[in-house]
Each structure stands twice: as C-alpha cells, then as structure tokens.
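J.: Pasting structure.txt here (compact mmCIF, C-alpha atoms):
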```
# COMPACT_ATOMS: atom_id res chain seq x y z
CA MET A 11 39.25 103.47 100.20
CA TRP A 12 39.81 106.63 102.24
CA SER A 13 36.58 106.23 104.25
CA ARG A 14 37.42 102.59 104.98
CA LEU A 15 40.80 103.57 106.35
CA THR A 16 39.34 106.29 108.58
CA SER A 17 36.63 103.94 109.90
CA LEU A 18 39.34 101.34 110.66
CA LEU A 19 41.35 103.89 112.57
CA LEU A 20 38.25 105.15 114.40
CA ASN A 21 37.33 101.60 115.46
CA GLY A 22 40.84 101.07 116.77
CA TRP A 23 40.65 104.33 118.71
CA ARG A 24 37.30 103.32 120.27
CA VAL A 25 38.77 100.02 121.47
CA LEU A 26 41.66 101.89 123.04
CA VAL A 27 39.61 104.52 124.89
CA ARG A 28 36.92 102.13 126.27
CA PRO A 29 37.54 100.24 129.49
CA SER A 30 38.48 96.61 129.02
CA VAL A 31 35.52 94.19 128.94
CA HIS A 32 37.31 90.82 128.82
CA TYR A 33 40.53 91.26 130.80
CA SER A 34 40.97 92.21 134.43
CA LEU A 35 42.86 95.34 135.46
CA GLY A 36 45.40 93.12 137.26
CA PHE A 37 46.05 91.08 134.13
CA LEU A 38 46.46 94.16 132.01
CA THR A 39 48.75 95.86 134.53
CA LEU A 40 50.94 92.81 135.11
CA GLY A 41 50.80 91.80 131.44
CA GLY A 42 51.82 95.32 130.47
CA PHE A 43 54.68 95.19 132.95
CA VAL A 44 55.96 91.84 131.64
CA ALA A 45 55.55 92.89 128.02
CA GLY A 46 57.42 96.08 128.88
CA ILE A 47 60.36 94.11 130.21
CA VAL A 48 60.37 91.83 127.16
CA PHE A 49 60.15 94.69 124.68
CA TRP A 50 62.72 96.80 126.51
CA GLY A 51 65.07 93.82 126.71
CA GLY A 52 64.55 93.12 123.04
CA PHE A 53 65.13 96.75 122.15
CA ASN A 54 68.33 96.89 124.15
CA THR A 55 69.57 93.59 122.70
CA ALA A 56 68.94 94.87 119.19
CA LEU A 57 70.73 98.10 120.08
CA GLU A 58 73.71 96.19 121.44
CA ALA A 59 73.76 93.94 118.37
CA ALA A 60 73.98 97.07 116.22
CA ASN A 61 77.02 98.05 118.31
CA ALA A 62 78.90 94.84 117.55
CA GLU A 63 81.94 94.90 115.29
CA ALA A 64 80.42 92.09 113.21
CA PHE A 65 77.43 94.31 112.49
CA CYS A 66 79.55 97.33 111.51
CA ILE A 67 81.72 95.38 109.09
CA SER A 68 78.82 93.50 107.56
CA CYS A 69 78.76 96.41 105.09
CA HIS A 70 81.65 96.32 102.64
CA GLU A 71 81.99 100.11 102.92
CA MET A 72 83.20 99.68 106.49
CA ARG A 73 84.93 96.33 106.05
CA THR A 74 87.15 97.26 103.11
CA ASN A 75 87.92 100.85 104.05
CA VAL A 76 88.00 101.92 107.67
CA TYR A 77 88.20 98.46 109.22
CA VAL A 78 91.32 97.56 107.24
CA GLU A 79 92.93 100.83 108.31
CA LEU A 80 92.05 100.22 111.95
CA GLN A 81 93.82 96.86 111.91
CA GLU A 82 97.24 98.47 111.47
CA THR A 83 96.86 100.68 114.51
CA ILE A 84 97.61 100.35 118.21
CA HIS A 85 93.90 100.32 119.03
CA PHE A 86 93.53 97.01 117.21
CA SER A 87 96.84 95.26 117.61
CA ASN A 88 98.95 95.75 120.73
CA ARG A 89 100.99 93.98 123.40
CA SER A 90 98.32 93.84 126.09
CA GLY A 91 95.48 92.46 123.99
CA VAL A 92 93.04 95.22 124.81
CA ARG A 93 91.17 96.16 121.67
CA ALA A 94 88.94 99.10 120.91
CA THR A 95 86.40 98.27 118.27
CA CYS A 96 84.16 100.54 116.18
CA SER A 97 81.49 101.32 118.77
CA ASP A 98 84.02 102.04 121.53
CA CYS A 99 85.01 105.22 119.74
CA HIS A 100 82.02 105.99 117.55
CA VAL A 101 79.05 105.37 119.87
CA PRO A 102 78.63 107.15 123.21
CA HIS A 103 78.19 104.80 126.17
CA GLU A 104 75.62 106.85 128.03
CA TRP A 105 72.01 106.10 127.11
CA THR A 106 70.69 109.51 126.04
CA TYR A 107 73.70 110.30 123.87
CA LYS A 108 73.72 106.78 122.52
CA ILE A 109 70.11 107.05 121.34
CA ALA A 110 70.81 110.47 119.83
CA ARG A 111 73.81 109.06 117.98
CA LYS A 112 71.85 106.02 116.81
CA ILE A 113 69.10 108.23 115.39
CA GLN A 114 71.76 110.34 113.67
CA ALA A 115 73.29 107.16 112.27
CA SER A 116 70.07 106.34 110.44
CA LYS A 117 71.52 108.64 107.75
CA GLU A 118 74.03 105.85 107.16
CA VAL A 119 71.20 103.52 106.16
CA TRP A 120 70.24 106.09 103.53
CA GLY A 121 73.86 106.21 102.38
CA LYS A 122 73.98 102.43 102.17
CA ILE A 123 70.77 102.21 100.11
CA PHE A 124 71.85 104.88 97.63
CA GLY A 125 75.50 103.76 97.52
CA THR A 126 76.96 107.09 98.66
CA ILE A 127 80.37 105.54 99.37
CA ASN A 128 80.06 102.16 97.70
CA THR A 129 83.39 102.41 95.88
CA ARG A 130 86.86 103.25 97.15
CA GLU A 131 86.90 106.38 94.99
CA LYS A 132 83.59 107.64 96.34
CA PHE A 133 84.78 106.91 99.88
CA GLU A 134 88.03 108.81 99.34
CA ASP A 135 86.07 111.75 97.92
CA LYS A 136 83.92 111.82 101.05
CA ARG A 137 86.69 111.04 103.54
CA ARG A 138 87.36 114.65 104.55
CA GLU A 139 83.66 115.37 105.10
CA LEU A 140 83.14 112.19 107.13
CA ALA A 141 86.28 112.82 109.16
CA GLU A 142 85.18 116.36 109.89
CA HIS A 143 81.88 115.09 111.27
CA GLU A 144 83.78 112.89 113.71
CA TRP A 145 86.31 115.60 114.63
CA ALA A 146 83.43 118.00 115.35
CA ARG A 147 81.65 115.40 117.47
CA PHE A 148 84.79 114.63 119.51
CA LYS A 149 85.54 118.33 119.91
CA ALA A 150 81.98 119.03 121.09
CA ASN A 151 81.90 116.24 123.70
CA ASP A 152 85.49 116.88 124.89
CA SER A 153 86.69 113.59 123.35
CA LEU A 154 84.30 111.61 125.52
CA GLU A 155 84.90 108.30 123.76
CA CYS A 156 88.67 108.64 124.20
CA ARG A 157 88.19 109.43 127.85
CA ASN A 158 85.98 106.39 128.41
CA CYS A 159 89.29 104.51 128.55
CA HIS A 160 92.03 107.18 128.73
CA GLU A 161 91.13 109.02 131.89
CA PHE A 162 93.15 112.18 132.43
CA ALA A 163 93.15 111.78 136.23
CA ALA A 164 94.62 108.29 135.87
CA MET A 165 97.49 109.31 133.57
CA ASP A 166 100.96 108.79 135.03
CA PHE A 167 103.06 111.49 133.39
CA THR A 168 106.26 109.83 134.59
CA ARG A 169 105.41 106.87 132.38
CA GLN A 170 104.99 109.05 129.34
CA SER A 171 107.71 110.29 127.04
CA ASP A 172 108.91 113.82 127.76
CA ARG A 173 107.11 115.18 124.75
CA ALA A 174 103.84 113.51 125.68
CA SER A 175 103.93 114.58 129.33
CA ASP A 176 104.82 118.15 128.31
CA GLN A 177 101.72 118.42 126.16
CA HIS A 178 99.39 116.51 128.49
CA SER A 179 100.41 118.44 131.60
CA THR A 180 99.90 121.80 129.92
CA ALA A 181 97.48 121.98 126.99
CA LEU A 182 95.34 119.02 128.00
CA ALA A 183 95.42 119.73 131.75
CA SER A 184 94.26 123.31 131.27
CA GLY A 185 91.40 122.17 129.06
CA ASP A 186 92.84 124.30 126.29
CA LYS A 187 93.03 121.28 124.01
CA THR A 188 91.13 118.03 123.90
CA CYS A 189 92.40 114.64 122.70
CA ILE A 190 91.18 114.96 119.10
CA ASP A 191 92.97 118.29 118.61
CA CYS A 192 96.30 116.46 118.39
CA HIS A 193 95.38 112.81 117.93
CA LYS A 194 93.68 112.88 114.55
CA GLY A 195 94.06 109.88 112.29
CA ILE A 196 95.11 107.49 115.05
CA ALA A 197 92.67 104.79 113.99
CA HIS A 198 92.07 105.50 110.31
CA HIS A 199 93.96 107.15 107.49
CA LEU A 200 93.82 110.92 107.39
CA PRO A 201 91.96 112.73 104.63
CA ASP A 202 93.56 115.59 102.71
CA MET A 203 94.59 117.78 105.65
CA SER A 204 95.08 121.06 103.82
CA GLY A 205 93.56 123.88 105.84
CA VAL A 206 93.06 121.84 109.01
CA PRO A 207 94.37 123.75 112.06
CA GLY A 208 97.67 122.24 113.20
CA TRP A 209 98.52 120.92 109.74
CA GLU A 210 99.65 124.12 108.02
CA MET B 1 137.01 43.30 86.21
CA LYS B 2 136.24 42.56 89.84
CA LYS B 3 139.35 44.39 90.93
CA ARG B 4 138.37 47.42 88.88
CA LEU B 5 134.89 47.51 90.38
CA ALA B 6 136.33 47.36 93.87
CA LEU B 7 138.69 50.23 93.05
CA TYR B 8 135.84 52.36 91.66
CA SER B 9 133.66 51.79 94.68
CA LEU B 10 136.56 52.65 96.97
CA ILE B 11 137.12 55.92 95.11
CA ALA B 12 133.40 56.68 95.26
CA LEU B 13 133.33 56.02 99.00
CA VAL B 14 136.31 58.24 99.68
CA THR B 15 134.84 61.04 97.57
CA CYS B 16 131.55 60.82 99.42
CA ALA B 17 133.25 60.94 102.77
CA LEU B 18 135.32 63.94 101.72
CA ALA B 19 132.29 65.77 100.34
CA ASP B 20 130.36 65.08 103.54
CA ASN B 21 133.23 66.45 105.52
CA GLN B 22 133.28 69.56 103.37
CA VAL B 23 129.56 70.15 103.88
CA ALA B 24 130.11 69.82 107.60
CA THR B 25 132.91 72.41 107.53
CA LEU B 26 130.77 74.73 105.43
CA ARG B 27 127.96 74.40 107.90
CA GLY B 28 130.36 75.16 110.71
CA ALA B 29 131.56 78.26 108.91
CA THR B 30 128.05 79.62 108.50
CA GLU B 31 127.21 79.15 112.17
CA LEU B 32 126.39 82.56 113.54
CA LEU B 33 129.08 84.06 115.67
CA ASP B 34 129.01 87.59 117.00
CA ASN B 35 129.94 90.05 114.28
CA GLN B 36 130.22 87.29 111.68
CA VAL B 37 127.26 87.09 109.39
CA ALA B 38 127.74 84.83 106.38
CA THR B 39 124.49 85.77 104.73
CA LEU B 40 121.26 87.39 105.83
CA ARG B 41 119.84 83.88 106.22
CA GLY B 42 122.52 82.95 108.72
CA ALA B 43 122.89 79.22 109.29
CA THR B 44 119.36 78.37 108.22
CA GLU B 45 119.05 75.64 105.60
CA LEU B 46 117.65 76.79 102.28
CA LEU B 47 114.32 75.05 102.69
CA ASP B 48 113.81 76.04 106.32
CA ASN B 49 112.45 79.23 107.76
CA ALA B 50 114.49 80.87 110.44
CA PRO B 51 112.54 82.16 113.44
CA ALA B 52 111.90 85.86 112.98
CA PRO B 53 113.97 88.05 115.29
CA SER B 54 111.88 89.81 117.92
CA MET B 55 110.81 93.35 117.13
CA ALA B 56 113.06 95.97 118.66
CA ARG B 57 111.55 99.11 120.11
CA GLU B 58 112.04 102.45 118.47
CA ILE B 59 114.21 104.77 120.52
CA ASN B 60 112.03 107.60 121.78
CA ASN B 61 114.27 109.74 123.97
CA ASP B 62 114.22 112.96 121.89
CA GLN B 63 118.00 113.27 122.21
CA ARG B 64 119.57 114.70 119.08
CA ARG B 65 122.51 112.72 117.71
CA VAL B 66 125.77 113.85 116.17
CA ARG B 67 125.87 113.66 112.38
CA ASP B 68 128.90 112.02 110.80
CA TYR B 69 129.28 114.79 108.25
CA PRO B 70 127.59 118.20 107.95
CA MET B 71 125.17 117.30 105.16
CA ALA B 72 124.11 114.00 106.72
CA ALA B 73 120.36 113.62 107.14
CA PRO B 74 119.75 113.59 110.90
CA THR B 75 118.22 110.43 112.34
CA VAL B 76 114.83 110.69 114.02
CA PRO B 77 115.17 110.59 117.82
CA HIS B 78 111.53 109.59 118.45
CA LYS B 79 108.92 107.01 117.48
CA ILE B 80 107.45 107.44 114.02
CA GLU B 81 105.56 104.16 113.80
CA GLY B 82 102.29 104.61 111.97
CA TYR B 83 103.13 108.13 110.79
CA GLN B 84 101.17 108.88 107.64
CA ILE B 85 103.25 110.43 104.88
CA ASP B 86 101.30 110.55 101.65
CA LEU B 87 99.50 112.89 99.29
CA ALA B 88 96.76 113.57 101.84
CA ALA B 89 98.78 114.25 104.96
CA ASN B 90 102.30 114.39 106.35
CA LYS B 91 102.44 113.70 110.06
CA CYS B 92 106.09 114.77 110.36
CA LEU B 93 105.35 118.19 108.93
CA SER B 94 102.55 118.75 111.44
CA CYS B 95 105.39 119.54 113.89
CA HIS B 96 108.48 120.21 111.77
CA ASN B 97 107.08 122.45 109.04
CA ARG B 98 107.91 126.17 109.07
CA LEU B 99 104.53 127.33 110.37
CA ARG B 100 104.28 124.60 113.02
CA VAL B 101 107.53 124.98 114.97
CA ALA B 102 106.30 127.79 117.23
CA ASP B 103 103.63 125.50 118.66
CA SER B 104 105.60 122.30 118.61
CA GLN B 105 109.08 123.66 119.43
CA ALA B 106 110.42 120.94 117.13
CA PRO B 107 113.39 121.72 114.86
CA MET B 108 112.27 123.16 111.53
CA ILE B 109 113.06 121.12 108.44
CA SER B 110 116.24 122.32 106.76
CA VAL B 111 115.93 125.23 104.35
CA THR B 112 117.29 123.00 101.60
CA HIS B 113 113.92 121.23 101.72
CA PHE B 114 112.23 124.29 100.27
CA MET B 115 114.52 124.29 97.27
CA ASN B 116 113.44 122.55 94.10
CA ARG B 117 115.81 120.72 91.78
CA ASP B 118 116.57 123.93 89.89
CA GLY B 119 117.73 125.62 93.07
CA ASN B 120 114.71 127.93 93.42
CA PHE B 121 113.26 128.43 96.88
CA LEU B 122 109.56 127.62 97.15
CA ALA B 123 106.98 128.80 99.68
CA ASP B 124 106.39 125.29 101.01
CA VAL B 125 108.27 122.00 101.13
CA SER B 126 109.54 120.97 97.73
CA PRO B 127 107.81 117.83 96.43
CA ASN B 128 111.14 116.05 96.02
CA ARG B 129 111.82 116.51 99.75
CA TYR B 130 108.31 115.64 100.94
CA PHE B 131 108.78 111.98 101.84
CA CYS B 132 110.72 112.36 105.09
CA SER B 133 111.43 108.71 105.79
CA GLN B 134 113.32 108.29 102.52
CA CYS B 135 116.30 109.87 104.29
CA HIS B 136 115.39 110.23 107.97
CA ALA B 137 115.13 107.00 109.92
CA SER B 138 114.17 106.36 113.49
CA GLN B 139 116.61 104.13 115.38
CA ARG B 140 116.20 100.91 117.29
CA SER B 141 118.55 99.67 119.92
CA VAL B 142 119.74 96.33 118.57
CA LYS B 143 123.00 94.43 118.66
CA LEU B 144 125.09 95.08 115.54
CA LEU B 145 124.92 92.17 113.11
CA ILE B 146 128.34 92.95 111.70
CA GLU B 147 131.07 95.16 113.01
CA ASN B 148 130.92 98.64 111.59
CA ASP B 149 134.34 99.86 110.48
CA PHE B 150 133.13 103.25 109.31
CA VAL B 151 135.73 105.92 110.05
CA SER B 152 134.28 109.36 110.46
CA MET B 153 136.11 112.31 108.96
CA ASP B 154 136.63 113.65 112.47
CA GLU B 155 138.68 110.55 113.32
CA LEU B 156 140.62 110.96 110.08
CA PHE B 157 141.43 114.53 110.99
CA THR B 158 142.53 113.47 114.45
CA LYS B 159 144.77 110.78 112.98
CA ALA B 160 146.25 113.21 110.48
CA GLY B 161 146.97 115.61 113.31
CA THR B 162 145.09 118.45 111.68
CA SER B 163 141.98 120.23 112.79
CA HIS B 164 139.00 121.02 110.63
```
Can you give me the file's structure in the form of structure tokens?
T.:
Amino acid sequence: MWSRLTSLLLNGWRVLVRPSVHYSLGFLTLGGFVAGIVFWGGFNTALEAANAEAFCISCHEMRTNVYVELQETIHFSNRSGVRATCSDCHVPHEWTYKIARKIQASKEVWGKIFGTINTREKFEDKRRELAEHEWARFKANDSLECRNCHEFAAMDFTRQSDRASDQHSTALASGDKTCIDCHKGIAHHLPDMSGVPGWE
Amino acid sequence: MKKRLALYSLIALVTCALADNQVATLRGATELLDNQVATLRGATELLDNAPAPSMAREINNDQRRVRDYPMAAPTVPHKIEGYQIDLAANKCLSCHNRLRVADSQAPMISVTHFMNRDGNFLADVSPNRYFCSQCHASQRSVKLLIENDFVSMDELFTKAGTSH
C-alpha cells in the first residue's frame, strides 16, 4: 500500500520534471495562459459568490440571528435605498486583506459543522466573544469597512447634528477615535456590554 | 287589508328615509375637522383601512424644554430611534450615566434614579429606573390631533395673582 503510493507519486514527479514529448512549448505556454485566466476567473467568481448576501444567510445561524437584526437598522432600510449587506462591512474590499479574511473565515465552516452557534441560546452565549472579534478587527484597520462608504474627507459637518459634528470634528478628526469606538451595535444587537470602555 | 298594507309600506319607507338621513348626518359629524377627532379611526368605515399617516421625524435639536412641573420627566431632545435598552445594554446610559457624563457632557440622570423602592441609594441605576423610554419620550413635530387644554400650574399662579 505504502510503496504503491510512493511509486505513484514518484511517477507523477518524473512526468512533471521531464520536458514535454507530445505537446509543443507554444501550446503549453498559451494553454497555460488560457487555463490561468479560466481558473482565476472561476476562483474570483466563487469568491464573489461567497460574498453574496444569499450565501451568508443560507445558514440559519446568520439568517435567524444577525440578519433579522440588520433588517431593523438604517443600513438595511432607509429613505435613499442604498443598502449595506453582510460583506460590505465584514469583508475587506482590497484583495490581500480579503483573502486573509476569507482564510480566517474558514473557522466559521468548522463552527457550522460542529454546531457552535446552532441555537439562539448558544448564539447569545457567544455574542460577546463574536462581537469583540469584530470590534478588534475594526479598531485595528481604523474602521476600514465603514470608511469604504463614509469617507471622513467627504463629511459635511454643517449637515450633521451639533452633537455629531462636535464629535466628528474633534475625536474623529484627530484620529483619537475611530468609527467603531462610538458606533457599536449599529447593525446588530449589542451583547452584554458590562466592562466595555464607554459603557460604564 | 289593502289600505293597511299601503299604510305599513308608507311607514316603512319614511323610516328608511329617516334612518338614511341619520346615517348621513353621523357620517358628516365624524368627518375630520381640525382639532375635532371623533375616534382614532376618524371617518374611516369599519371595514376599510385608513391610509397610514406619514412618519414624522424625531426632533433632534438638543434644546432642553421646560417641564410643566418640577418632578416631570424631561422629554428627550434628540433622536433615540433604534436605541437598545435591554438586559445586555442601555444606549442612553452610555452618555447619561454617572461615569459617562465627563466624556459626553450630557446631563446626568437624576439622582432619584439611583434610589430603590425602599429609598436606599445604590451605586448604579436602580433596576426600576433602568428602562428610560418608559418615562422619557423623544418628540416629533406633528400637528395636534385634538386641542390641548392643559393648564400648567404656572398659568394658574399667574391667574390667581400669586407667585410661586
């Protein structure tokens, strides 16, 4: 068994390291190029499909918990019809960070298989931990996903309420605070906030 | 016999006409006029649905309002839509609680809110004062449905010619 496997692998390796006998260099180069485009396109399409709202809420954990909560908020239902869906806030747009986040998210597949949050009670028990992961991520990337739409440079303070412009022109402008420091729980219910800075 | 029948039908006709007239007057009375609301349904027939009034915006100008009497719960002068107030978190207290007012510069909740039902002062908000929106409401600028004839005690004092 073991020797058969090693001989199979060795044969495969020999084929790979020897020059091609049947196909021309041009065919292999062009073929490789075309196959590259097809595979890359396929990979990207699959990646985008995994970013779709329909994909996220195909799991009941997302559909019956966080998705329901999102529907009450301004990011889902508003006068202008602009809607932020799951991936807009939870997946970075830039490629490198996106791939890193996607690899990190493979933990969620594990959670799905073993039913880590497959009931409301289990989800509520984990809510603080899950929320803290997201708060930490937003804090570390200076609320990048907020800023993908809400650009500081494009904010018109005169259109904001006095309270909002006071905070944005001081704490946010100086870089002392980032969006998530004050805007926690804007898209989902808050977990037990005891001990969270700003919620004493 | 024939005469009787004719009489009966005449009476029936007259009654019908009168009743119809009455319904018409009733309908007229329930027509919505300013400051005259017959019922919450207004002039809508029982089996119909009235169009929902458009949503009014919450006033968000941060201007404190006068209270009608000293112990009145102050109204909220800003938007509180979507504020979470439950066992897990209280959005109001993230600005108005004792330890938060230095950062937020918001008015601190009244000291009575730290007092439990036995009159003892607690270290944090008393559970029976925790649900802010039970007493404190944000305001919306809408036309009054009915005229408000509330007379504040200040007006009473003025009328009585005394000062308080």
J.: When you get a sec, could you note down which chain A residues fall within 10 Å of chain B, using all atoms listed in the file, as an mmCIF file with C-alpha atoms, keeping the file's coordinate frame?
T.:
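Produced file out00.cif, reproduced below:
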```
data_model
loop_
_atom_site.group_PDB
_atom_site.id
_atom_site.type_symbol
_atom_site.label_atom_id
_atom_site.label_comp_id
_atom_site.auth_asym_id
_atom_site.auth_seq_id
_atom_site.Cartn_x
_atom_site.Cartn_y
_atom_site.Cartn_z
ATOM 1 C CA GLU A 82 97.240 98.470 111.470
ATOM 2 C CA THR A 83 96.860 100.680 114.510
ATOM 3 C CA ILE A 84 97.610 100.350 118.210
ATOM 4 C CA ARG A 138 87.360 114.650 104.550
ATOM 5 C CA SER A 171 107.710 110.290 127.040
ATOM 6 C CA ASP A 172 108.910 113.820 127.760
ATOM 7 C CA ARG A 173 107.110 115.180 124.750
ATOM 8 C CA GLN A 177 101.720 118.420 126.160
ATOM 9 C CA CYS A 192 96.300 116.460 118.390
ATOM 10 C CA LYS A 194 93.680 112.880 114.550
ATOM 11 C CA GLY A 195 94.060 109.880 112.290
ATOM 12 C CA ILE A 196 95.110 107.490 115.050
ATOM 13 C CA ALA A 197 92.670 104.790 113.990
ATOM 14 C CA HIS A 199 93.960 107.150 107.490
ATOM 15 C CA LEU A 200 93.820 110.920 107.390
ATOM 16 C CA PRO A 201 91.960 112.730 104.630
ATOM 17 C CA ASP A 202 93.560 115.590 102.710
ATOM 18 C CA MET A 203 94.590 117.780 105.650
ATOM 19 C CA SER A 204 95.080 121.060 103.820
ATOM 20 C CA PRO A 207 94.370 123.750 112.060
ATOM 21 C CA GLY A 208 97.670 122.240 113.200
ATOM 22 C CA TRP A 209 98.520 120.920 109.740
ATOM 23 C CA GLU A 210 99.650 124.120 108.020
#
```
J.: Would you work out the distance separating atom CA of Lys79 of chain B from atom CA of Ala174 of chain A, expressed in Å to one decimal?
T.: 11.6 Å
J.: Could you check which of A:Asn128, A:Thr188, A:Ser34, A:Thr95 is closest to Gln81 of chain A, using all atoms listed in the file?
T.: A:Thr95
J.: Which residue gives the smallest distance to His70 of chain A among A:Gly185, A:Gly22, A:Gly125, A:Gly205, with all atoms listed in the file counted?
T.: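 Nearest candidate to His70 of chain A out of A:Gly185, A:Gly22, A:Gly125, A:Gly205: A:Gly125.
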J.: Could you name the residues that touch Ala56 of chain B at 12 Å or less, counting only C-alpha atoms, but leaving out those on the same chain fewer than 6 positions away, as a list of chain:residue names?
T.: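 Result of the neighbour search: B:Lys79, B:Ser138, B:Gln139, B:Arg140, B:Ser141, B:Val142, B:Lys143.
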J.: How many Å lie between atom CA of His198 of chain A and atom CA of Arg57 of chain B, rounded to one decimal?
T.: 22.7 Å
J.: Nearest to Met115 of chain B among B:Tyr130, B:Ser152, B:Gln63, B:Leu145, with distances taken over all atoms listed in the file: which residue is it?
T.: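 Checking each candidate against Met115 of chain B, we get B:Tyr130 as the closest.
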